[in-house]
Structures are given as structure tokens and as C-alpha cells.
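Source file: final-v4.pdb; contents: PDB, C-alpha atoms and all ligand atoms.
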ATOM      1  CA  MET A1220      35.522  87.037  50.786  1.00  0.00           C
ATOM      2  CA  ASP A1221      38.101  89.789  51.471  1.00  0.00           C
ATOM      3  CA  TRP A1222      35.229  92.166  52.244  1.00  0.00           C
ATOM      4  CA  VAL A1223      33.709  89.689  54.752  1.00  0.00           C
ATOM      5  CA  LEU A1224      37.092  89.231  56.472  1.00  0.00           C
ATOM      6  CA  SER A1225      37.771  92.962  56.743  1.00  0.00           C
ATOM      7  CA  MET A1226      34.249  93.635  58.089  1.00  0.00           C
ATOM      8  CA  THR A1227      34.680  90.800  60.640  1.00  0.00           C
ATOM      9  CA  TYR A1228      38.003  92.344  61.695  1.00  0.00           C
ATOM     10  CA  LEU A1229      36.449  95.793  62.147  1.00  0.00           C
ATOM     11  CA  TRP A1230      33.462  94.469  64.161  1.00  0.00           C
ATOM     12  CA  LEU A1231      35.747  92.330  66.321  1.00  0.00           C
ATOM     13  CA  LYS A1232      37.983  95.338  66.968  1.00  0.00           C
ATOM     14  CA  ALA A1233      35.040  97.631  67.783  1.00  0.00           C
ATOM     15  CA  GLY A1234      33.641  95.018  70.204  1.00  0.00           C
ATOM     16  CA  HIS A1235      37.099  94.475  71.707  1.00  0.00           C
ATOM     17  CA  ILE A1236      37.585  98.191  72.419  1.00  0.00           C
ATOM     18  CA  VAL A1237      34.068  98.536  73.931  1.00  0.00           C
ATOM     19  CA  PHE A1238      34.603  95.632  76.355  1.00  0.00           C
ATOM     20  CA  VAL A1239      38.128  96.793  77.210  1.00  0.00           C
ATOM     21  CA  ILE A1240      36.567 100.153  78.219  1.00  0.00           C
ATOM     22  CA  PHE A1241      34.033  98.354  80.487  1.00  0.00           C
ATOM     23  CA  TRP A1242      36.820  96.238  81.988  1.00  0.00           C
ATOM     24  CA  MET A1243      39.096  99.217  82.658  1.00  0.00           C
ATOM     25  CA  ALA A1244      36.218 101.250  84.145  1.00  0.00           C
ATOM     26  CA  GLY A1245      35.543  98.392  86.601  1.00  0.00           C
ATOM     27  CA  LEU A1246      39.253  98.048  87.431  1.00  0.00           C
ATOM     28  CA  PHE A1247      39.405 101.753  88.291  1.00  0.00           C
ATOM     29  CA  MET A1248      36.211 101.655  90.368  1.00  0.00           C
ATOM     30  CA  LEU A1249      36.731  98.576  92.543  1.00  0.00           C
ATOM     31  CA  PRO A1250      39.765  99.739  94.608  1.00  0.00           C
ATOM     32  CA  ARG A1251      37.924 103.068  95.141  1.00  0.00           C
ATOM     33  CA  TYR A1252      34.989 101.072  96.526  1.00  0.00           C
ATOM     34  CA  PHE A1253      37.453  99.259  98.822  1.00  0.00           C
ATOM     35  CA  VAL A1254      38.725 102.616 100.179  1.00  0.00           C
ATOM     36  CA  TYR A1255      35.161 103.763 101.022  1.00  0.00           C
ATOM     37  CA  HIS A1256      34.262 100.286 102.283  1.00  0.00           C
ATOM     38  CA  GLN A1257      37.154 100.316 104.754  1.00  0.00           C
ATOM     39  CA  GLU A1258      35.950 103.629 106.148  1.00  0.00           C
ATOM     40  CA  ALA A1259      32.746 101.835 107.294  1.00  0.00           C
ATOM     41  CA  ALA A1260      32.811 100.085 110.669  1.00  0.00           C
ATOM     42  CA  GLU A1261      33.191  96.280 110.682  1.00  0.00           C
ATOM     43  CA  GLY A1262      29.754  94.582 110.884  1.00  0.00           C
ATOM     44  CA  SER A1263      27.827  97.808 110.179  1.00  0.00           C
ATOM     45  CA  PRO A1264      24.957  97.963 107.635  1.00  0.00           C
ATOM     46  CA  GLU A1265      27.220 100.208 105.518  1.00  0.00           C
ATOM     47  CA  ASN A1266      29.871  97.470 105.491  1.00  0.00           C
ATOM     48  CA  ALA A1267      27.292  95.004 104.132  1.00  0.00           C
ATOM     49  CA  LEU A1268      26.174  97.525 101.504  1.00  0.00           C
ATOM     50  CA  TRP A1269      29.738  97.983 100.201  1.00  0.00           C
ATOM     51  CA  LEU A1270      30.225  94.214 100.027  1.00  0.00           C
ATOM     52  CA  GLU A1271      27.078  93.950  97.921  1.00  0.00           C
ATOM     53  CA  ARG A1272      28.134  96.827  95.616  1.00  0.00           C
ATOM     54  CA  GLU A1273      31.581  95.268  95.077  1.00  0.00           C
ATOM     55  CA  GLY A1274      30.029  91.853  94.383  1.00  0.00           C
ATOM     56  CA  ARG A1275      27.653  93.359  91.811  1.00  0.00           C
ATOM     57  CA  LEU A1276      30.477  95.286  90.091  1.00  0.00           C
ATOM     58  CA  LEU A1277      32.518  92.065  89.847  1.00  0.00           C
ATOM     59  CA  ARG A1278      29.589  89.916  88.639  1.00  0.00           C
ATOM     60  CA  ILE A1279      27.900  92.324  86.231  1.00  0.00           C
ATOM     61  CA  ILE A1280      30.802  94.349  84.824  1.00  0.00           C
ATOM     62  CA  LEU A1281      34.269  93.056  85.649  1.00  0.00           C
ATOM     63  CA  TRP A1282      34.105  89.285  84.990  1.00  0.00           C
ATOM     64  CA  PRO A1283      31.935  89.477  81.820  1.00  0.00           C
ATOM     65  CA  ALA A1284      34.053  92.353  80.408  1.00  0.00           C
ATOM     66  CA  LEU A1285      37.299  90.466  81.107  1.00  0.00           C
ATOM     67  CA  ILE A1286      36.005  87.338  79.340  1.00  0.00           C
ATOM     68  CA  VAL A1287      34.611  89.139  76.269  1.00  0.00           C
ATOM     69  CA  ALA A1288      37.709  91.404  75.917  1.00  0.00           C
ATOM     70  CA  TRP A1289      39.919  88.267  76.026  1.00  0.00           C
ATOM     71  CA  VAL A1290      37.805  86.261  73.559  1.00  0.00           C
ATOM     72  CA  LEU A1291      37.590  89.125  71.021  1.00  0.00           C
ATOM     73  CA  GLY A1292      41.281  90.038  71.531  1.00  0.00           C
ATOM     74  CA  LEU A1293      42.375  86.432  70.888  1.00  0.00           C
ATOM     75  CA  ALA A1294      40.084  86.246  67.825  1.00  0.00           C
ATOM     76  CA  LEU A1295      41.746  89.444  66.501  1.00  0.00           C
ATOM     77  CA  ALA A1296      45.206  88.020  67.183  1.00  0.00           C
ATOM     78  CA  TRP A1297      44.284  84.843  65.316  1.00  0.00           C
ATOM     79  CA  GLN A1298      42.877  86.826  62.387  1.00  0.00           C
ATOM     80  CA  THR A1299      45.848  89.210  62.100  1.00  0.00           C
ATOM     81  CA  GLY A1300      48.660  86.754  62.905  1.00  0.00           C
ATOM     82  CA  ALA A1301      49.695  88.955  65.871  1.00  0.00           C
ATOM     83  CA  PHE A1302      51.047  85.950  67.846  1.00  0.00           C
ATOM     84  CA  SER A1303      54.367  86.191  65.996  1.00  0.00           C
ATOM     85  CA  GLN A1304      54.860  89.953  66.525  1.00  0.00           C
ATOM     86  CA  GLY A1305      57.022  91.574  69.226  1.00  0.00           C
ATOM     87  CA  TRP A1306      54.562  94.331  70.223  1.00  0.00           C
ATOM     88  CA  PHE A1307      51.899  91.676  70.829  1.00  0.00           C
ATOM     89  CA  HIS A1308      54.169  89.723  73.221  1.00  0.00           C
ATOM     90  CA  VAL A1309      54.675  92.874  75.332  1.00  0.00           C
ATOM     91  CA  LYS A1310      50.935  93.628  75.174  1.00  0.00           C
ATOM     92  CA  LEU A1311      50.100  90.058  76.186  1.00  0.00           C
ATOM     93  CA  ALA A1312      52.468  90.290  79.195  1.00  0.00           C
ATOM     94  CA  ALA A1313      50.784  93.569  80.279  1.00  0.00           C
ATOM     95  CA  VAL A1314      47.289  92.084  79.777  1.00  0.00           C
ATOM     96  CA  LEU A1315      48.237  88.998  81.805  1.00  0.00           C
ATOM     97  CA  ALA A1316      49.476  91.318  84.589  1.00  0.00           C
ATOM     98  CA  LEU A1317      46.129  93.199  84.445  1.00  0.00           C
ATOM     99  CA  THR A1318      44.265  89.875  84.601  1.00  0.00           C
ATOM    100  CA  ALA A1319      46.309  88.838  87.662  1.00  0.00           C
ATOM    101  CA  TYR A1320      45.491  92.235  89.250  1.00  0.00           C
ATOM    102  CA  HIS A1321      41.775  91.614  88.521  1.00  0.00           C
ATOM    103  CA  VAL A1322      41.929  88.161  90.192  1.00  0.00           C
ATOM    104  CA  TRP A1323      43.764  89.680  93.183  1.00  0.00           C
ATOM    105  CA  LEU A1324      41.056  92.388  93.517  1.00  0.00           C
ATOM    106  CA  SER A1325      38.390  89.685  93.489  1.00  0.00           C
ATOM    107  CA  GLY A1326      40.300  87.878  96.282  1.00  0.00           C
ATOM    108  CA  TYR A1327      40.586  91.124  98.296  1.00  0.00           C
ATOM    109  CA  HIS A1328      36.796  91.528  98.042  1.00  0.00           C
ATOM    110  CA  LYS A1329      36.338  88.001  99.461  1.00  0.00           C
ATOM    111  CA  ALA A1330      38.837  88.789 102.253  1.00  0.00           C
ATOM    112  CA  LEU A1331      36.836  91.939 103.121  1.00  0.00           C
ATOM    113  CA  GLY A1332      33.781  89.675 103.407  1.00  0.00           C
ATOM    114  CA  ARG A1333      35.669  87.663 106.051  1.00  0.00           C
ATOM    115  CA  GLY A1334      36.502  90.880 107.928  1.00  0.00           C
ATOM    116  CA  GLU A1335      40.170  90.999 106.804  1.00  0.00           C
ATOM    117  CA  ARG A1336      41.446  94.480 105.898  1.00  0.00           C
ATOM    118  CA  SER A1337      45.095  93.934 105.059  1.00  0.00           C
ATOM    119  CA  LEU A1338      45.800  97.197 103.138  1.00  0.00           C
ATOM    120  CA  SER A1339      45.425 100.824 104.211  1.00  0.00           C
ATOM    121  CA  GLY A1340      43.377 103.355 102.235  1.00  0.00           C
ATOM    122  CA  LYS A1341      46.636 104.972 101.065  1.00  0.00           C
ATOM    123  CA  GLN A1342      47.997 101.641  99.772  1.00  0.00           C
ATOM    124  CA  LEU A1343      44.716 100.975  97.937  1.00  0.00           C
ATOM    125  CA  ARG A1344      44.855 104.433  96.337  1.00  0.00           C
ATOM    126  CA  MET A1345      48.420 103.741  95.170  1.00  0.00           C
ATOM    127  CA  LEU A1346      47.345 100.391  93.702  1.00  0.00           C
ATOM    128  CA  ASN A1347      44.836 102.316  91.632  1.00  0.00           C
ATOM    129  CA  GLU A1348      47.767 103.478  89.461  1.00  0.00           C
ATOM    130  CA  VAL A1349      48.291  99.893  88.184  1.00  0.00           C
ATOM    131  CA  PRO A1350      45.520  99.798  85.521  1.00  0.00           C
ATOM    132  CA  GLY A1351      46.429 103.292  84.261  1.00  0.00           C
ATOM    133  CA  ILE A1352      50.100 102.390  83.754  1.00  0.00           C
ATOM    134  CA  ALA A1353      49.222  99.026  82.147  1.00  0.00           C
ATOM    135  CA  ALA A1354      46.632 100.669  79.841  1.00  0.00           C
ATOM    136  CA  ALA A1355      49.168 103.301  78.679  1.00  0.00           C
ATOM    137  CA  LEU A1356      51.720 100.557  77.879  1.00  0.00           C
ATOM    138  CA  ILE A1357      49.099  98.436  76.077  1.00  0.00           C
ATOM    139  CA  VAL A1358      47.789 101.318  73.946  1.00  0.00           C
ATOM    140  CA  ILE A1359      51.374 102.306  72.963  1.00  0.00           C
ATOM    141  CA  MET A1360      52.022  98.680  71.948  1.00  0.00           C
ATOM    142  CA  VAL A1361      48.880  98.356  69.787  1.00  0.00           C
ATOM    143  CA  VAL A1362      49.072 101.821  68.201  1.00  0.00           C
ATOM    144  CA  VAL A1363      52.822 102.687  67.926  1.00  0.00           C
ATOM    145  CA  ARG A1364      54.054  99.057  67.689  1.00  0.00           C
ATOM    146  CA  PRO A1365      57.689  99.886  68.515  1.00  0.00           C
ATOM    147  CA  PHE A1366      58.774  96.216  68.140  1.00  0.00           C
TER     148      PHE A1366
HETATM  149  C1  LIG B   1      42.416  90.716  77.078  1.00  0.00           C
HETATM  150  C2  LIG B   1      43.386  90.357  76.238  1.00  0.00           C
HETATM  151  C3  LIG B   1      43.685  91.128  74.982  1.00  0.00           C
HETATM  152  C4  LIG B   1      44.056  90.583  73.789  1.00  0.00           C
HETATM  153  C5  LIG B   1      44.291  89.113  73.514  1.00  0.00           C
HETATM  154  C6  LIG B   1      44.182  91.677  72.841  1.00  0.00           C
HETATM  155  C7  LIG B   1      44.531  91.565  71.486  1.00  0.00           C
HETATM  156  C8  LIG B   1      44.378  92.554  70.537  1.00  0.00           C
HETATM  157  C9  LIG B   1      44.629  92.415  69.125  1.00  0.00           C
HETATM  158  C10 LIG B   1      45.177  91.168  68.458  1.00  0.00           C
HETATM  159  C11 LIG B   1      44.308  93.602  68.521  1.00  0.00           C
HETATM  160  C12 LIG B   1      44.305  93.877  67.011  1.00  0.00           C
HETATM  161  C13 LIG B   1      45.513  94.638  66.583  1.00  0.00           C
HETATM  162  C14 LIG B   1      45.432  94.850  65.069  1.00  0.00           C
HETATM  163  O1  LIG B   1      44.599  95.636  64.606  1.00  0.00           O
HETATM  164  O2  LIG B   1      46.211  94.213  64.367  1.00  0.00           O
HETATM  165  C15 LIG B   1      43.883  94.502  69.568  1.00  0.00           C
HETATM  166  C16 LIG B   1      43.486  95.820  69.347  1.00  0.00           C
HETATM  167  C17 LIG B   1      43.366  96.735  70.347  1.00  0.00           C
HETATM  168  N1  LIG B   1      43.480  96.501  71.692  1.00  0.00           N
HETATM  169 FE1  LIG B   1      43.640  94.671  72.581  1.00  0.00          FE
HETATM  170  N2  LIG B   1      43.901  92.862  73.480  1.00  0.00           N
HETATM  171  C18 LIG B   1      43.609  92.575  74.809  1.00  0.00           C
HETATM  172  C19 LIG B   1      43.335  93.521  75.790  1.00  0.00           C
HETATM  173  C20 LIG B   1      43.401  94.882  75.629  1.00  0.00           C
HETATM  174  C21 LIG B   1      43.430  95.877  76.675  1.00  0.00           C
HETATM  175  C22 LIG B   1      43.398  95.559  78.177  1.00  0.00           C
HETATM  176  C23 LIG B   1      43.483  97.100  76.071  1.00  0.00           C
HETATM  177  C24 LIG B   1      43.557  98.480  76.673  1.00  0.00           C
HETATM  178  C25 LIG B   1      43.777  98.746  77.939  1.00  0.00           C
HETATM  179  C26 LIG B   1      43.459  96.894  74.654  1.00  0.00           C
HETATM  180  C27 LIG B   1      43.449  97.897  73.721  1.00  0.00           C
HETATM  181  C28 LIG B   1      43.365  97.704  72.353  1.00  0.00           C
HETATM  182  C29 LIG B   1      43.178  98.767  71.375  1.00  0.00           C
HETATM  183  C30 LIG B   1      43.039 100.264  71.686  1.00  0.00           C
HETATM  184  C31 LIG B   1      43.178  98.154  70.103  1.00  0.00           C
HETATM  185  C32 LIG B   1      42.994  98.844  68.752  1.00  0.00           C
HETATM  186  C33 LIG B   1      44.336  99.228  68.171  1.00  0.00           C
HETATM  187  C34 LIG B   1      44.199  99.799  66.771  1.00  0.00           C
HETATM  188  O3  LIG B   1      44.167  99.041  65.825  1.00  0.00           O
HETATM  189  O4  LIG B   1      44.131 101.013  66.629  1.00  0.00           O
HETATM  190  N3  LIG B   1      43.441  95.531  74.423  1.00  0.00           N
HETATM  191  N4  LIG B   1      43.940  93.851  70.782  1.00  0.00           N
END
Show me the file's structure as C-alpha cells.
Amino acid sequence: MDWVLSMTYLWLKAGHIVFVIFWMAGLFMLPRYFVYHQEAAEGSPENALWLEREGRLLRIILWPALIVAWVLGLALAWQTGAFSQGWFHVKLAAVLALTAYHVWLSGYHKALGRGERSLSGKQLRMLNEVPGIAAALIVIMVVVRPF
């Protein structure tokens, strides 16, 4: 029984890390797409192409990776009793912030579809620091566990 539980834990963790990588890759790519998208003229064929690329990235990579990373992460937390540990609370706060960022990016994509371009290329490039900072904090929490 112990063997089954430890194998389940290892497979869950491997799957969790794989889908976190997919999720993070998508989070780094999408704002870059927005920068290139906004360089295309409104209503041009290139504009339509970027909208389609962003939609595909969200549908095929970002949303499925977010869901699977969450499901496997929560299963790991349940299996290890992480819910009562300080490092996990900080990690959870950072992951919720990343999830909110993801939802905001999805909204920005829809706004681009309506022809709204509320941020400059420079602002979008700066926003691209968000997933990197959150990922560094999360990895320190899960590996170093300072609390
Ligand atoms: C989506 C919600 C998430 C939940 C609920 C969650 C939860 C967990 C839990 C409970 C563990 C197991 C820790 C242990 O072995 O005791 C874990 C491992 C891990 N998580 Fe997450 N996580 C999430 C997202 C993320 C994100 C966004 C990242 C990175 C950016 C990440 C990186 C990792 C890594 C690297 C490990 C392996 C740590 C190790 O044991 O060496 N997780 N996660």
C-alpha cells in the first residue's frame, strides 16, 4: 500500500511539473504575441492572423495546462497534507495571482478582438515579468520551504 501511495505521489508530481511548464510557456508567449499583434494595422489580414494565433494558444495550451496543473497540484496537496503548511499558503497566493493574470490575458485577447488596444508595447513587455517573478517565488516555496 505504501509503495502504491509513493508511486502515485511521484506520478502526480511528474505530471504536475510537466503541465506547469506548458502553462508557464503559454504565459510567457501570449503577451509577446500581443506586442506583435499591436504592431499590425487594425482590420488588416495580419491582425486577424494574430487573433487566431492567440485564440489557439489559449484554447490548446493555456486553458488545458492551467486546469491540469491545478487538479494535479490540489491532488498532491491533499496527499501530502500541504494545506496546513506555511510555504503552501504563500505558494497558493502566488498561484492565485498567476491564475488572475491568466484570466486578465484572456480578457485582453477578447478586447483586441473588439479593436481595443489599451496598453502600449512597452507596458506589455513589462507585464511579461509577472510570470517570471511568480515562478521564482513559487519554486522557492516548494523547494526551500522557508515557512
Ligand atoms: C496550480 C496550482 C498549484 C497547486 C495547487 C500546487 C501544489 C503543489 C503541491 C502540493 C506540490 C507537492 C509538494 C510536495 O512534494 O510535498 C507541488 C509541487 C511542485 N510544484 Fe506546484 N502547485 C501549483 C502550481 C505550480 C506552479 C505554477 C509552479 C511553478 C511555476 C509549481 C511548481 C512546483 C514544483 C517545481 C513542484 C515540485 C517540488 C519538489 O518536490 O521538488 N506549482 N505543487
Exercise. Name the residues captured by the PyMOL selection byres (((not hetatm)) within 9 of (chain B and resi 1)) when it is applied to the shown file; answer as a PyMOL selection string.
Key: chain A and resi 1228-1229+1231-1233+1235-1236+1238-1240+1242-1243+1285-1302+1307+1310-1311+1313-1315+1317-1318+1350-1351+1353-1363
Self-check item: Length of the atom CA of Arg1336 of chain A to atom CA of Arg1251 of chain A vector [Å]
Solution: 14.2 Å
Box time for segment 1288-1302 of chain A: axis-aligned, enclosing all its listed atoms, 6 Å extra on each side; report centre and edge lengths in Å to one decimal, as lines of an AutoDock Vina configuration file.
center_x = 44.3
center_y = 88.1
center_z = 69.1
size_x = 25.5
size_y = 18.6
size_z = 25.9
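With distances restricted to all atoms listed in the file, A:Gly1274 is the closest residue to Leu1249 of chain A from A:Pro1264, A:Gly1334, A:Gly1340, A:Gly1274.
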Fewer than 5 positions away in the same chain doesn't count, so skip those; otherwise give me all residues within 10 Å of Gly1245 of chain A, counting all atoms listed in the file, as a PDB file with C-alpha atoms, in the frame of the given file.
ATOM      1  CA  VAL A1239      38.128  96.793  77.210  1.00  0.00           C
ATOM      2  CA  ILE A1240      36.567 100.153  78.219  1.00  0.00           C
ATOM      3  CA  PRO A1250      39.765  99.739  94.608  1.00  0.00           C
ATOM      4  CA  GLU A1273      31.581  95.268  95.077  1.00  0.00           C
ATOM      5  CA  LEU A1276      30.477  95.286  90.091  1.00  0.00           C
ATOM      6  CA  LEU A1277      32.518  92.065  89.847  1.00  0.00           C
ATOM      7  CA  ILE A1279      27.900  92.324  86.231  1.00  0.00           C
ATOM      8  CA  ILE A1280      30.802  94.349  84.824  1.00  0.00           C
ATOM      9  CA  LEU A1281      34.269  93.056  85.649  1.00  0.00           C
ATOM     10  CA  TRP A1282      34.105  89.285  84.990  1.00  0.00           C
ATOM     11  CA  ALA A1284      34.053  92.353  80.408  1.00  0.00           C
ATOM     12  CA  LEU A1285      37.299  90.466  81.107  1.00  0.00           C
ATOM     13  CA  HIS A1321      41.775  91.614  88.521  1.00  0.00           C
TER      14      HIS A1321
END
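Atom pair atom CA of Leu1346 of chain A / atom CA of Ala1259 of chain A has a distance of 20.0 Å (rounded to one decimal).
Of the listed residues A:Ser1337, A:Ser1303, A:Asn1347, A:Ser1325, the one whose atoms come nearest to Arg1275 of chain A is A:Ser1325, with distances taken using only C-alpha atoms.
Interatomic distance, atom CA of Leu1268 of chain A to atom CA of Val1349 of chain A: 25.9 Å.
Comparing A:Leu1270, A:Phe1253, A:Glu1265, A:Arg1278 by their smallest distance to Leu1324 of chain A, the closest is A:Phe1253 (using all atoms listed in the file).
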